[in-house]
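Next up, entry38.tsv (TSV, C-alpha atoms and all ligand atoms):
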chain	number	residue	atom	x	y	z
I	1328	MET	CA	-11.04	13.83	-18.60
I	1329	GLY	CA	-9.18	17.02	-19.38
I	1330	ASP	CA	-9.46	18.63	-22.75
I	1331	ASN	CA	-5.86	19.54	-23.38
I	1332	ASP	CA	-2.46	17.94	-22.92
I	1333	ALA	CA	-1.77	19.63	-19.62
I	1334	ASP	CA	-5.03	18.32	-18.18
I	1335	ALA	CA	-4.33	14.87	-19.60
I	1336	VAL	CA	-0.94	14.77	-17.84
I	1337	ASP	CA	-2.59	15.81	-14.59
I	1338	PHE	CA	-5.26	13.18	-14.97
I	1339	ARG	CA	-2.67	10.48	-15.58
I	1340	ALA	CA	-0.64	11.67	-12.59
I	1341	LEU	CA	-3.71	11.56	-10.38
I	1342	ILE	CA	-4.59	8.05	-11.56
I	1343	ASP	CA	-1.04	6.91	-10.81
I	1344	GLU	CA	-1.35	8.23	-7.28
I	1345	PHE	CA	-4.60	6.38	-6.59
I	1346	ARG	CA	-4.33	4.16	-3.49
I	1347	PHE	CA	-7.03	1.48	-3.49
I	1348	SER	CA	-9.28	1.06	-0.39
I	1349	ARG	CA	-12.25	-1.05	-1.48
I	1350	VAL	CA	-14.63	-1.94	-4.32
I	1351	LEU	CA	-17.75	0.21	-4.14
I	1352	ASN	CA	-19.75	-1.58	-6.83
I	1353	SER	CA	-19.38	-3.69	-9.93
I	1354	ASN	CA	-21.92	-4.41	-12.63
I	1355	PRO	CA	-21.45	-7.21	-15.17
I	1356	GLN	CA	-24.27	-5.80	-17.33
I	1357	THR	CA	-22.78	-2.35	-17.74
I	1358	LYS	CA	-19.21	-3.74	-17.52
I	1359	GLN	CA	-18.33	-1.18	-14.88
I	1360	ILE	CA	-16.47	-1.27	-11.61
I	1361	SER	CA	-16.23	1.62	-9.13
I	1362	LEU	CA	-13.33	1.74	-6.70
I	1363	LEU	CA	-12.86	3.84	-3.61
I	1364	GLY	CA	-9.36	4.95	-2.73
I	1365	THR	CA	-7.35	8.02	-1.92
I	1366	ILE	CA	-5.20	10.43	-3.87
I	1367	LYS	CA	-2.91	12.68	-1.84
I	1368	GLY	CA	-4.82	11.62	1.28
I	1369	GLN	CA	-8.25	12.65	-0.04
I	1370	ASP	CA	-11.05	10.30	-1.04
I	1371	ALA	CA	-11.20	9.40	-4.72
I	1372	ILE	CA	-13.62	7.30	-6.78
I	1373	VAL	CA	-12.41	5.66	-9.97
I	1374	THR	CA	-14.94	4.06	-12.30
I	1375	LEU	CA	-13.65	1.78	-15.04
I	1376	GLU	CA	-15.98	0.89	-17.90
I	1377	LYS	CA	-15.16	-1.50	-20.74
I	1378	THR	CA	-15.95	0.13	-24.06
I	1379	HIS	CA	-18.41	-1.26	-26.59
I	1380	PHE	CA	-17.31	-2.84	-29.88
I	1381	GLN	CA	-16.64	-0.75	-32.98
I	1382	PHE	CA	-18.40	-1.76	-36.15
I	1383	ASP	CA	-19.10	1.42	-38.10
I	1384	LYS	CA	-16.69	3.53	-40.07
I	1385	VAL	CA	-17.98	6.84	-41.48
I	1386	VAL	CA	-16.46	7.72	-44.86
I	1387	ASN	CA	-16.92	10.49	-47.43
I	1388	ASN	CA	-18.77	9.29	-50.48
I	1389	PRO	CA	-16.58	10.46	-53.44
I	1390	ASN	CA	-19.59	10.59	-55.81
I	1391	SER	CA	-21.70	12.89	-53.72
I	1392	SER	CA	-21.55	15.21	-50.75
I	1393	THR	CA	-23.07	12.57	-48.46
I	1394	LEU	CA	-21.36	10.46	-45.87
I	1395	SER	CA	-21.75	6.73	-45.86
I	1396	LEU	CA	-21.34	4.04	-43.28
I	1397	HIS	CA	-19.10	1.08	-43.80
I	1398	GLN	CA	-19.69	-1.67	-41.33
I	1399	CYS	CA	-17.07	-3.99	-39.91
I	1400	GLU	CA	-14.41	-2.75	-42.31
I	1401	SER	CA	-11.92	-0.98	-40.10
I	1402	GLU	CA	-9.02	-3.00	-38.75
I	1403	TYR	CA	-10.42	-2.37	-35.28
I	1404	SER	CA	-13.98	-3.45	-35.96
I	1405	CYS	CA	-15.38	-6.64	-34.48
I	1406	MET	CA	-13.80	-9.67	-36.15
I	1407	ASN	CA	-10.87	-7.80	-37.73
I	1408	SER	CA	-9.44	-6.96	-34.35
I	1409	ILE	CA	-9.15	-10.53	-33.06
I	1410	GLN	CA	-5.46	-11.06	-32.34
I	1411	THR	CA	-5.43	-14.30	-30.39
I	1412	LEU	CA	-8.14	-16.83	-29.76
I	1413	LYS	CA	-8.05	-19.58	-27.13
I	1414	PRO	CA	-10.84	-22.15	-27.46
I	1415	ILE	CA	-12.64	-23.16	-24.24
I	1416	ALA	CA	-14.87	-25.94	-25.54
I	1417	ASN	CA	-17.18	-27.00	-28.32
I	1418	ASN	CA	-20.28	-29.14	-28.45
I	1419	ASP	CA	-22.20	-30.06	-31.59
I	1420	ILE	CA	-22.58	-26.80	-33.52
I	1421	TYR	CA	-21.47	-24.58	-30.57
I	1422	PHE	CA	-17.95	-23.20	-30.06
I	1423	TRP	CA	-16.68	-20.74	-27.47
I	1424	GLY	CA	-13.39	-19.28	-26.38
I	1425	MET	CA	-11.56	-16.20	-25.13
I	1426	SER	CA	-9.71	-13.68	-27.22
I	1427	VAL	CA	-7.39	-10.72	-27.04
I	1428	MET	CA	-8.38	-7.93	-29.41
I	1429	LYS	CA	-6.33	-5.20	-31.01
I	1430	GLN	CA	-6.59	-1.95	-29.10
I	1431	ASP	CA	-5.92	1.64	-30.11
I	1432	LEU	CA	-6.25	4.69	-27.90
I	1433	GLU	CA	-8.15	6.67	-30.55
I	1434	LEU	CA	-9.94	4.02	-32.60
I	1435	ASN	CA	-10.53	1.18	-30.18
I	1436	PRO	CA	-9.76	2.06	-26.56
I	1437	THR	CA	-10.12	-0.65	-23.93
I	1438	ALA	CA	-11.94	1.23	-21.23
I	1439	LYS	CA	-13.23	4.59	-20.17
I	1440	ILE	CA	-11.96	5.87	-16.86
I	1441	ASN	CA	-13.83	8.39	-14.71
I	1442	LEU	CA	-12.28	9.96	-11.65
I	1443	ILE	CA	-14.00	11.99	-8.95
I	1444	TRP	CA	-11.42	13.70	-6.74
I	1445	PRO	CA	-11.73	14.89	-4.07
I	1446	ALA	CA	-14.91	12.85	-3.67
I	1447	THR	CA	-17.45	13.95	-1.07
I	1448	GLN	CA	-19.38	11.63	1.24
I	1449	VAL	CA	-22.41	12.17	-1.04
I	1450	HIS	CA	-20.43	10.83	-4.03
I	1451	ILE	CA	-19.20	7.81	-2.08
I	1452	GLU	CA	-22.71	6.98	-0.88
I	1453	LYS	CA	-24.06	7.32	-4.42
I	1454	TYR	CA	-21.53	4.90	-5.92
I	1455	ASP	CA	-21.57	2.43	-3.00
I	1456	LYS	CA	-23.60	-0.77	-3.34
I	1457	GLN	CA	-26.87	-0.31	-1.48
I	1458	LEU	CA	-30.37	-1.65	-0.98
I	1459	CYS	CA	-33.05	0.33	-2.78
I	1460	HIS	CA	-36.72	0.97	-1.98
I	1461	MET	CA	-39.80	2.34	-3.73
I	1462	VAL	CA	-41.11	5.38	-1.90
I	1463	ARG	CA	-43.99	7.82	-2.50
I	1464	GLU	CA	-43.10	11.49	-2.18
I	1465	THR	CA	-46.23	13.54	-1.55
I	1466	PRO	CA	-46.18	17.33	-2.06
I	1467	GLU	CA	-46.07	17.64	1.75
I	1468	ILE	CA	-43.07	15.30	2.03
I	1469	TYR	CA	-41.36	17.28	-0.73
I	1470	LYS	CA	-41.77	20.55	1.16
I	1471	ARG	CA	-40.80	19.13	4.57
I	1472	ILE	CA	-37.97	16.72	3.70
I	1473	VAL	CA	-36.79	17.13	0.11
I	1474	LYS	CA	-36.87	20.91	-0.42
I	1475	PRO	CA	-34.40	21.69	2.41
I	1476	TYR	CA	-32.05	19.04	0.95
I	1477	VAL	CA	-32.35	20.58	-2.53
I	1478	ASP	CA	-31.63	24.07	-1.17
I	1479	ASP	CA	-28.62	22.75	0.67
I	1480	MET	CA	-27.32	20.96	-2.44
I	1481	VAL	CA	-27.71	24.11	-4.54
I	1482	ASN	CA	-25.82	26.24	-2.04
I	1483	ASN	CA	-22.95	23.94	-1.17
I	1484	GLY	CA	-20.97	24.00	-4.41
I	1485	ARG	CA	-22.27	20.75	-5.88
I	1486	LEU	CA	-23.23	22.64	-9.04
I	1487	GLN	CA	-19.80	24.12	-9.70
I	1488	TRP	CA	-19.36	21.88	-12.75
I	1489	VAL	CA	-22.61	23.26	-14.21
I	1490	GLN	CA	-21.51	26.86	-13.60
I	1491	ASN	CA	-18.17	26.02	-15.22
I	1492	ILE	CA	-19.90	24.74	-18.37
I	1493	LEU	CA	-22.36	27.64	-18.62
I	1494	TYR	CA	-20.07	30.53	-17.70
I	1495	ASN	CA	-16.40	29.52	-17.35
I	1496	GLY	CA	-15.69	27.73	-20.62
I	1497	ALA	CA	-15.31	24.25	-19.13
I	1498	GLU	CA	-15.61	21.45	-21.71
I	1499	SER	CA	-16.14	24.21	-24.32
I	1500	ASP	CA	-14.41	22.31	-27.12
I	1501	ARG	CA	-16.86	19.45	-26.59
I	1502	VAL	CA	-20.05	21.52	-26.76
I	1503	VAL	CA	-22.32	20.11	-29.48
I	1504	PHE	CA	-24.49	23.19	-29.75
I	1505	LYS	CA	-25.63	26.23	-27.82
I	1506	TYR	CA	-28.94	27.96	-28.06
I	1507	PHE	CA	-28.99	31.56	-26.93
I	1508	ASP	CA	-31.41	34.34	-27.83
I	1509	GLN	CA	-30.61	37.89	-26.64
I	1510	GLU	CA	-34.34	38.58	-26.48
I	1511	SER	CA	-34.96	35.81	-23.96
I	1512	PRO	CA	-31.66	34.78	-22.37
I	1513	LYS	CA	-33.41	32.56	-19.84
I	1514	ASP	CA	-34.44	30.18	-22.67
I	1515	GLY	CA	-30.81	29.41	-23.49
I	1516	PHE	CA	-29.27	25.97	-23.11
I	1517	VAL	CA	-26.10	24.08	-23.93
I	1518	VAL	CA	-25.87	20.52	-25.28
I	1519	LEU	CA	-22.65	18.58	-24.72
I	1520	PRO	CA	-21.47	15.00	-24.23
I	1521	ASP	CA	-22.37	13.60	-20.85
I	1522	MET	CA	-19.32	12.50	-18.90
I	1523	LYS	CA	-20.68	8.94	-19.12
I	1524	TRP	CA	-20.07	8.83	-22.91
I	1525	ASP	CA	-16.74	7.93	-24.47
I	1526	GLY	CA	-17.56	10.29	-27.37
I	1527	VAL	CA	-16.74	7.57	-29.89
I	1528	ASN	CA	-19.37	4.88	-29.93
I	1529	MET	CA	-22.60	6.14	-31.49
I	1530	ASP	CA	-24.61	3.22	-30.09
I	1531	ALA	CA	-23.85	4.61	-26.66
I	1532	LEU	CA	-24.40	8.29	-27.61
I	1533	TYR	CA	-25.15	10.17	-24.40
I	1534	LEU	CA	-25.52	13.94	-24.29
I	1535	VAL	CA	-26.85	16.31	-21.69
I	1536	ALA	CA	-28.72	19.60	-22.27
I	1537	ILE	CA	-28.11	22.10	-19.47
I	1538	VAL	CA	-30.40	25.12	-19.26
I	1539	HIS	CA	-29.26	28.64	-18.47
I	1540	ARG	CA	-32.11	29.49	-16.16
I	1541	ASP	CA	-31.56	28.43	-12.57
I	1542	ASP	CA	-35.08	28.75	-11.20
I	1543	ILE	CA	-35.95	25.15	-12.10
I	1544	LYS	CA	-34.15	22.78	-9.81
I	1545	SER	CA	-35.95	19.61	-10.86
I	1546	LEU	CA	-39.12	18.12	-12.32
I	1547	ARG	CA	-40.94	19.37	-9.19
I	1548	ASP	CA	-40.61	23.00	-10.30
I	1549	LEU	CA	-42.25	22.45	-13.70
I	1550	ARG	CA	-45.61	24.15	-14.18
I	1551	PRO	CA	-47.90	24.53	-17.23
I	1552	GLU	CA	-46.30	27.88	-18.04
I	1553	HIS	CA	-43.06	25.97	-18.79
I	1554	GLN	CA	-44.73	23.66	-21.29
I	1555	GLN	CA	-43.97	25.71	-24.42
I	1556	TRP	CA	-40.36	26.23	-23.30
I	1557	LEU	CA	-39.95	22.46	-22.90
I	1558	ILE	CA	-41.56	21.79	-26.29
I	1559	ASP	CA	-39.25	24.28	-28.01
I	1560	MET	CA	-36.19	22.84	-26.32
I	1561	LYS	CA	-37.18	19.26	-27.15
I	1562	ASN	CA	-37.77	20.17	-30.82
I	1563	LYS	CA	-34.47	22.03	-31.08
I	1564	ILE	CA	-32.62	19.06	-29.58
I	1565	ARG	CA	-34.32	16.59	-31.93
I	1566	SER	CA	-33.61	18.86	-34.94
I	1567	VAL	CA	-30.01	19.76	-34.26
I	1568	VAL	CA	-28.41	16.73	-32.55
I	1569	PRO	CA	-28.81	14.34	-35.54
I	1570	SER	CA	-27.16	16.87	-37.88
I	1571	CYS	CA	-24.21	17.17	-35.50
I	1572	TYR	CA	-23.54	13.44	-35.87
I	1573	ASN	CA	-24.08	13.04	-39.64
I	1574	TYR	CA	-27.57	11.67	-39.03
I	1575	LEU	CA	-26.13	8.42	-37.67
I	1576	VAL	CA	-28.77	8.77	-34.97
I	1577	PRO	CA	-32.00	10.23	-36.40
I	1578	ALA	CA	-34.36	12.44	-34.38
I	1579	ASP	CA	-36.73	9.61	-33.53
I	1580	GLN	CA	-33.90	7.45	-32.19
I	1581	LEU	CA	-33.06	9.83	-29.38
I	1582	ARG	CA	-34.49	9.12	-25.96
I	1583	LEU	CA	-34.94	12.38	-24.03
I	1584	PHE	CA	-35.58	12.10	-20.33
I	1585	ILE	CA	-35.27	13.73	-16.92
I	1586	HIS	CA	-34.28	12.11	-13.63
I	1587	TYR	CA	-36.27	12.36	-10.45
I	1588	GLN	CA	-34.52	12.39	-8.03
I	1589	PRO	CA	-31.60	13.82	-9.98
I	1590	SER	CA	-28.09	14.00	-8.56
I	1591	TYR	CA	-27.78	17.68	-9.49
I	1592	TYR	CA	-30.54	20.22	-8.89
I	1593	HIS	CA	-30.14	22.43	-11.95
I	1594	PHE	CA	-32.55	21.50	-14.73
I	1595	HIS	CA	-31.00	19.30	-17.43
I	1596	ILE	CA	-32.22	16.77	-19.99
I	1597	HIS	CA	-30.56	13.44	-20.76
I	1598	ILE	CA	-30.26	12.70	-24.51
I	1599	VAL	CA	-29.43	9.08	-25.30
I	1600	ASN	CA	-29.42	6.77	-28.32
I	1601	VAL	CA	-32.47	4.47	-27.94
I	1602	ARG	CA	-30.19	1.52	-28.70
I	1603	HIS	CA	-28.21	2.20	-25.52
I	1604	SER	CA	-29.67	-0.20	-22.98
I	1605	GLY	CA	-26.65	-0.57	-20.73
I	1606	LEU	CA	-27.59	2.34	-18.53
I	1607	GLY	CA	-28.67	0.50	-15.42
I	1608	ASP	CA	-30.93	2.46	-13.09
I	1609	GLY	CA	-30.42	5.70	-15.01
I	1610	ILE	CA	-32.99	4.66	-17.58
I	1611	ALA	CA	-35.36	2.69	-15.34
I	1612	VAL	CA	-38.93	3.51	-14.36
I	1613	GLY	CA	-38.82	5.03	-10.91
I	1614	LYS	CA	-36.11	7.44	-12.04
I	1615	ALA	CA	-36.32	8.39	-15.76
I	1616	HIS	CA	-39.25	10.49	-17.06
I	1617	LEU	CA	-39.59	10.93	-20.83
I	1618	ILE	CA	-39.66	14.59	-21.78
I	1619	GLU	CA	-42.72	13.99	-24.00
I	1620	ASP	CA	-44.62	12.48	-21.05
I	1621	VAL	CA	-43.62	15.39	-18.83
I	1622	ILE	CA	-44.88	17.87	-21.43
I	1623	GLU	CA	-48.14	15.94	-21.79
I	1624	ASN	CA	-48.67	15.59	-18.02
I	1625	LEU	CA	-48.49	19.36	-17.60
I	1626	ASN	CA	-51.87	19.52	-19.37
I	1627	TYR	CA	-53.58	17.78	-16.48
I	1628	MET	CA	-51.86	18.99	-13.33
I	1629	GLY	CA	-53.32	22.39	-12.57
I	1630	PRO	CA	-51.38	25.63	-12.13
I	1631	GLU	CA	-48.95	24.17	-9.55
I	1632	GLY	CA	-47.79	21.52	-12.03
I	1633	TYR	CA	-45.51	18.82	-10.62
I	1634	MET	CA	-45.50	20.54	-7.21
I	1635	ASN	CA	-48.96	19.08	-6.59
I	1636	ARG	CA	-48.14	15.53	-7.57
I	1637	THR	CA	-47.19	12.51	-5.57
I	1638	MET	CA	-44.03	11.13	-7.13
I	1639	THR	CA	-43.01	7.49	-6.70
I	1640	TYR	CA	-39.35	6.63	-7.16
I	1641	VAL	CA	-36.51	4.34	-6.19
I	1642	ILE	CA	-34.24	5.52	-3.41
I	1643	GLY	CA	-31.07	3.90	-2.11
I	1644	GLU	CA	-30.42	3.45	1.60
I	1645	ASN	CA	-27.24	5.52	1.32
I	1646	HIS	CA	-29.12	8.54	0.04
I	1647	HIS	CA	-29.30	11.46	2.46
I	1648	LEU	CA	-33.08	11.64	1.92
I	1649	TRP	CA	-33.53	8.03	2.98
I	1650	LYS	CA	-31.65	8.51	6.22
I	1651	ASN	CA	-33.25	11.87	6.90
I	1652	GLY	CA	-36.92	11.09	6.67
I	1653	LEU	CA	-37.91	8.88	3.74
I	1654	GLU	CA	-37.22	5.66	5.64
I	1655	GLN	CA	-39.79	6.61	8.32
I	1656	GLU	CA	-42.22	7.87	5.67
I	1657	LEU	CA	-42.04	4.54	3.84
I	1658	GLU	CA	-42.65	2.60	7.07
I	1659	GLN	CA	-45.78	4.68	7.63
I	1660	GLN	CA	-46.90	4.33	4.00
I	1661	LEU	CA	-46.67	0.54	4.17
I	1662	LYS	CA	-48.71	0.58	7.39
I	1663	ASP	CA	-51.33	2.92	5.88
I	1664	ASP	CA	-51.60	0.67	2.84
I	1665	GLY	CA	-52.16	-2.35	5.11
I	1666	ILE	CA	-49.11	-4.13	3.76
I	1667	PRO	CA	-47.86	-6.54	6.44
I	1668	GLU	CA	-44.29	-6.45	7.64
I	1669	PRO	CA	-42.19	-9.36	6.36
I	1670	PRO	CA	-41.95	-12.30	8.81
I	1671	GLU	CA	-38.70	-12.87	10.73
I	1672	ILE	CA	-36.52	-15.00	8.47
I	1673	THR	CA	-35.40	-18.11	10.32
I	1674	ASN	CA	-32.60	-20.22	8.98
I	1675	ASP	CA	-34.13	-23.70	8.62
I	1676	PHE	CA	-30.90	-25.16	7.42
I	1677	GLU	CA	-29.10	-24.81	10.75
M	1	LIG	O1	-29.11	12.15	-12.26
M	1	LIG	P1	-28.89	13.48	-12.92
M	1	LIG	O2	-30.05	13.84	-13.82
M	1	LIG	O3	-28.58	14.59	-11.97
M	1	LIG	O4	-27.64	13.27	-13.89
M	1	LIG	C1	-26.64	14.24	-14.12
M	1	LIG	C2	-25.87	13.88	-15.38
M	1	LIG	O5	-24.80	14.80	-15.54
M	1	LIG	C3	-25.26	12.48	-15.34
M	1	LIG	O6	-25.63	11.76	-16.50
M	1	LIG	C4	-23.76	12.75	-15.25
M	1	LIG	O7	-22.99	11.77	-15.91
M	1	LIG	C5	-23.63	14.10	-15.92
M	1	LIG	N1	-22.47	14.86	-15.41
M	1	LIG	C6	-22.12	14.99	-14.11
M	1	LIG	N2	-21.01	15.77	-14.04
M	1	LIG	C7	-20.35	16.12	-12.79
M	1	LIG	C8	-20.63	16.14	-15.30
M	1	LIG	C9	-19.58	16.94	-15.83
M	1	LIG	O8	-18.73	17.51	-15.13
M	1	LIG	N3	-19.56	17.08	-17.19
M	1	LIG	C10	-20.48	16.47	-18.01
M	1	LIG	N4	-20.35	16.63	-19.32
M	1	LIG	N5	-21.49	15.71	-17.53
M	1	LIG	C11	-21.57	15.54	-16.18
Before we go any further, please render this structure as structure tokens.
Ligand code: G7M
Amino acid sequence: MGDNDADAVDFRALIDEFRFSRVLNSNPQTKQISLLGTIKGQDAIVTLEKTHFQFDKVVNNPNSSTLSLHQCESEYSCMNSIQTLKPIANNDIYFWGMSVMKQDLELNPTAKINLIWPATQVHIEKYDKQLCHMVRETPEIYKRIVKPYVDDMVNNGRLQWVQNILYNGAESDRVVFKYFDQESPKDGFVVLPDMKWDGVNMDALYLVAIVHRDDIKSLRDLRPEHQQWLIDMKNKIRSVVPSCYNYLVPADQLRLFIHYQPSYYHFHIHIVNVRHSGLGDGIAVGKAHLIEDVIENLNYMGPEGYMNRTMTYVIGENHHLWKNGLEQELEQQLKDDGIPEPPEITNDFE
């Protein structure tokens, strides 16, 4: 969403112009729905996400300089916000019903809305419901199939948002902290709220650290010589982030991880409250790699680091890499492993 009033008006105007085409995906666990449509004749993706419940209120402690947490006290927290309640049924000691709860744009918003406009085919394929597969990416497959895709992604403007954050002041009023040392500018990085986070609910805290250097496109480019840089960055993140949020999330309650495959090939680290489980595939094995494990693995990989490793991950059938090589590779891998093809499914009920 935009950071100032002018942007907010634009965003609202764009949302009002959205013409619905179809549902791309919906997820009852994450309480999200993604819709494909058009705005001014160009493809647009709107994702609606119901927000989590409020239960904490941070207040100044008048007797000391500390801040304290009051739980379930605000008029918008949990039980206090119940406006109407319609019972559905009850049985023995069990009661259930539906309710309408008090909403407030600042203190208790209903939903978070994300818009991608104009959306590219790659965005649409990413958000569309799809079958997924486990595939092994050998170093050879990386060089032959994945590397050309990465180079293409880097050169075709998909990283404009990253450039905007690092060099053009985008989202600057949301930046949590910046690390920059004149002596070694390539070690610099910026930490800011991920666009997935509503910025309000600490249980769902989600930040992203974006590095200044652009020679590391993904996990694949990490070598032992980067180990100390990763350690320093991890320690800075764990030291500074809690202090930026009044220690509501301590250092050891931050989950730091890297995606492989990522969506964007400019090195960045995901920083998430460990309590946040509603992240779907983004936090699953076969995609998320803990930064501590990555640092540790670099001890055992030889000078080429992750470039020499076979990486196993989940890939969706809509992904460019699936359609441009990984599907055939997987077929061959299953054959080589002696795993039989599934039998033809016949419908016995007919
Ligand atoms: O899967 P991958 O590691 O590439 O994830 C990229 C992360 O960047 C995701 O968690 C996105 O939500 C986040 N992200 C993507 N964009 C386009 C933006 C953006 O413009 N601003 C911010 N703050 N985060 C973004």
Neighbourhood of ligand LIG 1 (chain M) at 6 Å, counting all atoms listed in the file, reported as an NGL selection string
:I and (1488 or 1520-1523 or 1586 or 1589-1591)
Between I:Ile1596, I:Cys1459, I:Ala1438, I:Val1518, which has the minimum distance to Leu1617 (chain I) (counting only C-alpha atoms)?
I:Ile1596
To one decimal in Å, tell me the separation between CA of Glu1623 (chain I) and CA of Val1517 (chain I).
23.6 Å
Near region 1543-1559 of chain I, 10 Å: region 1407-1509 of chain I residue rows, closest pairs, all atoms listed in the file, as JSON lines:
{"residue": "I:Pro1466", "atom": "CA", "partner": "I:Arg1547", "partner_atom": "CA", "distance": 9.1}
{"residue": "I:Tyr1469", "atom": "CA", "partner": "I:Arg1547", "partner_atom": "CA", "distance": 8.7}
{"residue": "I:Lys1474", "atom": "CA", "partner": "I:Arg1547", "partner_atom": "CA", "distance": 9.8}
{"residue": "I:Val1477", "atom": "CA", "partner": "I:Lys1544", "partner_atom": "CA", "distance": 7.8}
{"residue": "I:Asp1478", "atom": "CA", "partner": "I:Lys1544", "partner_atom": "CA", "distance": 9.1}
{"residue": "I:Val1481", "atom": "CA", "partner": "I:Lys1544", "partner_atom": "CA", "distance": 8.4}
Pick the closest to Ile1468 (chain I) from I:Met1428, I:Val1535, I:Val1373, I:Leu1653: which is it, counting only C-alpha atoms?
I:Leu1653
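From CA of Asp1541 (chain I) back to CA of Ser1511 (chain I), the distance works out to 14.0 Å.
Our summary of the geometry notes that CA of Tyr1454 (chain I) is positioned 18.0 Å from CA of Gly1613 (chain I).
Residues in contact range of region 1530-1533 of chain I, defined as at most 7 Å between only C-alpha atoms, with sequence neighbours fewer than 4 positions away removed, read Pro1520, Asp1521, Trp1524, Ile1598, Val1599, Asn1600, Arg1602 and His1603 of chain I.
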Which residues come within 9 Å of Lys1453 (chain I), counting only C-alpha atoms, excluding same-chain residues fewer than 6 positions away, as a list in words?
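Residues meeting the cut-off are Ser1590, Gly1643, Asn1645 and His1646 of chain I.
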Using all atoms listed in the file, which residues sit within 12 Å of Ile1642 (chain I) once same-chain residues fewer than 3 positions away are excluded, as a PDB file with C-alpha atoms, keeping the file's coordinate frame?
ATOM      1  CA  GLU I1452     -22.710   6.980  -0.880  1.00  0.00           C
ATOM      2  CA  LYS I1453     -24.060   7.320  -4.420  1.00  0.00           C
ATOM      3  CA  GLN I1457     -26.870  -0.310  -1.480  1.00  0.00           C
ATOM      4  CA  LEU I1458     -30.370  -1.650  -0.980  1.00  0.00           C
ATOM      5  CA  CYS I1459     -33.050   0.330  -2.780  1.00  0.00           C
ATOM      6  CA  HIS I1460     -36.720   0.970  -1.980  1.00  0.00           C
ATOM      7  CA  MET I1461     -39.800   2.340  -3.730  1.00  0.00           C
ATOM      8  CA  VAL I1462     -41.110   5.380  -1.900  1.00  0.00           C
ATOM      9  CA  ARG I1463     -43.990   7.820  -2.500  1.00  0.00           C
ATOM     10  CA  GLU I1464     -43.100  11.490  -2.180  1.00  0.00           C
ATOM     11  CA  TYR I1587     -36.270  12.360 -10.450  1.00  0.00           C
ATOM     12  CA  GLN I1588     -34.520  12.390  -8.030  1.00  0.00           C
ATOM     13  CA  PRO I1589     -31.600  13.820  -9.980  1.00  0.00           C
ATOM     14  CA  SER I1590     -28.090  14.000  -8.560  1.00  0.00           C
ATOM     15  CA  ASP I1608     -30.930   2.460 -13.090  1.00  0.00           C
ATOM     16  CA  GLY I1613     -38.820   5.030 -10.910  1.00  0.00           C
ATOM     17  CA  LYS I1614     -36.110   7.440 -12.040  1.00  0.00           C
ATOM     18  CA  MET I1638     -44.030  11.130  -7.130  1.00  0.00           C
ATOM     19  CA  THR I1639     -43.010   7.490  -6.700  1.00  0.00           C
ATOM     20  CA  ASN I1645     -27.240   5.520   1.320  1.00  0.00           C
ATOM     21  CA  HIS I1646     -29.120   8.540   0.040  1.00  0.00           C
ATOM     22  CA  HIS I1647     -29.300  11.460   2.460  1.00  0.00           C
ATOM     23  CA  LEU I1648     -33.080  11.640   1.920  1.00  0.00           C
ATOM     24  CA  TRP I1649     -33.530   8.030   2.980  1.00  0.00           C
ATOM     25  CA  LYS I1650     -31.650   8.510   6.220  1.00  0.00           C
ATOM     26  CA  GLY I1652     -36.920  11.090   6.670  1.00  0.00           C
ATOM     27  CA  LEU I1653     -37.910   8.880   3.740  1.00  0.00           C
ATOM     28  CA  GLU I1654     -37.220   5.660   5.640  1.00  0.00           C
ATOM     29  CA  LEU I1657     -42.040   4.540   3.840  1.00  0.00           C
TER      30      LEU I1657
END
Give me the residues within 8 Å of Gly1607 (chain I) as an mmCIF file with C-alpha atoms, in the coordinates of the input, counting only C-alpha atoms and dropping any in the same chain fewer than 4 places off.
data_model
loop_
_atom_site.group_PDB
_atom_site.id
_atom_site.type_symbol
_atom_site.label_atom_id
_atom_site.label_comp_id
_atom_site.auth_asym_id
_atom_site.auth_seq_id
_atom_site.Cartn_x
_atom_site.Cartn_y
_atom_site.Cartn_z
ATOM 1 C CA GLN I 1356 -24.270 -5.800 -17.330
ATOM 2 C CA THR I 1357 -22.780 -2.350 -17.740
ATOM 3 C CA ALA I 1611 -35.360 2.690 -15.340
#
Among the residues I:Gly1629, I:Thr1465, I:Ala1416, I:Phe1516, the one that comes closest to Gln1660 (chain I) [using only C-alpha atoms]
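So, comparing all the options, the nearest one is I:Thr1465.
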Write out as a compact mmCIF listing (two decimals) with C-alpha atoms, in the coordinates of the input each polymer residue whose atoms come within 9 Å of region 1364-1368 of chain I, counting only C-alpha atoms; drop sequence neighbours fewer than 2 positions from it.
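Written out: selection05.txt:
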# COMPACT_ATOMS: atom_id res chain seq x y z
CA LEU I 1341 -3.71 11.56 -10.38
CA ILE I 1342 -4.59 8.05 -11.56
CA ASP I 1343 -1.04 6.91 -10.81
CA GLU I 1344 -1.35 8.23 -7.28
CA PHE I 1345 -4.60 6.38 -6.59
CA ARG I 1346 -4.33 4.16 -3.49
CA PHE I 1347 -7.03 1.48 -3.49
CA SER I 1348 -9.28 1.06 -0.39
CA ARG I 1349 -12.25 -1.05 -1.48
CA VAL I 1350 -14.63 -1.94 -4.32
CA LEU I 1362 -13.33 1.74 -6.70
CA ASP I 1370 -11.05 10.30 -1.04
CA ALA I 1371 -11.20 9.40 -4.72
CA ILE I 1372 -13.62 7.30 -6.78
CA VAL I 1373 -12.41 5.66 -9.97
CA TRP I 1444 -11.42 13.70 -6.74
CA PRO I 1445 -11.73 14.89 -4.07
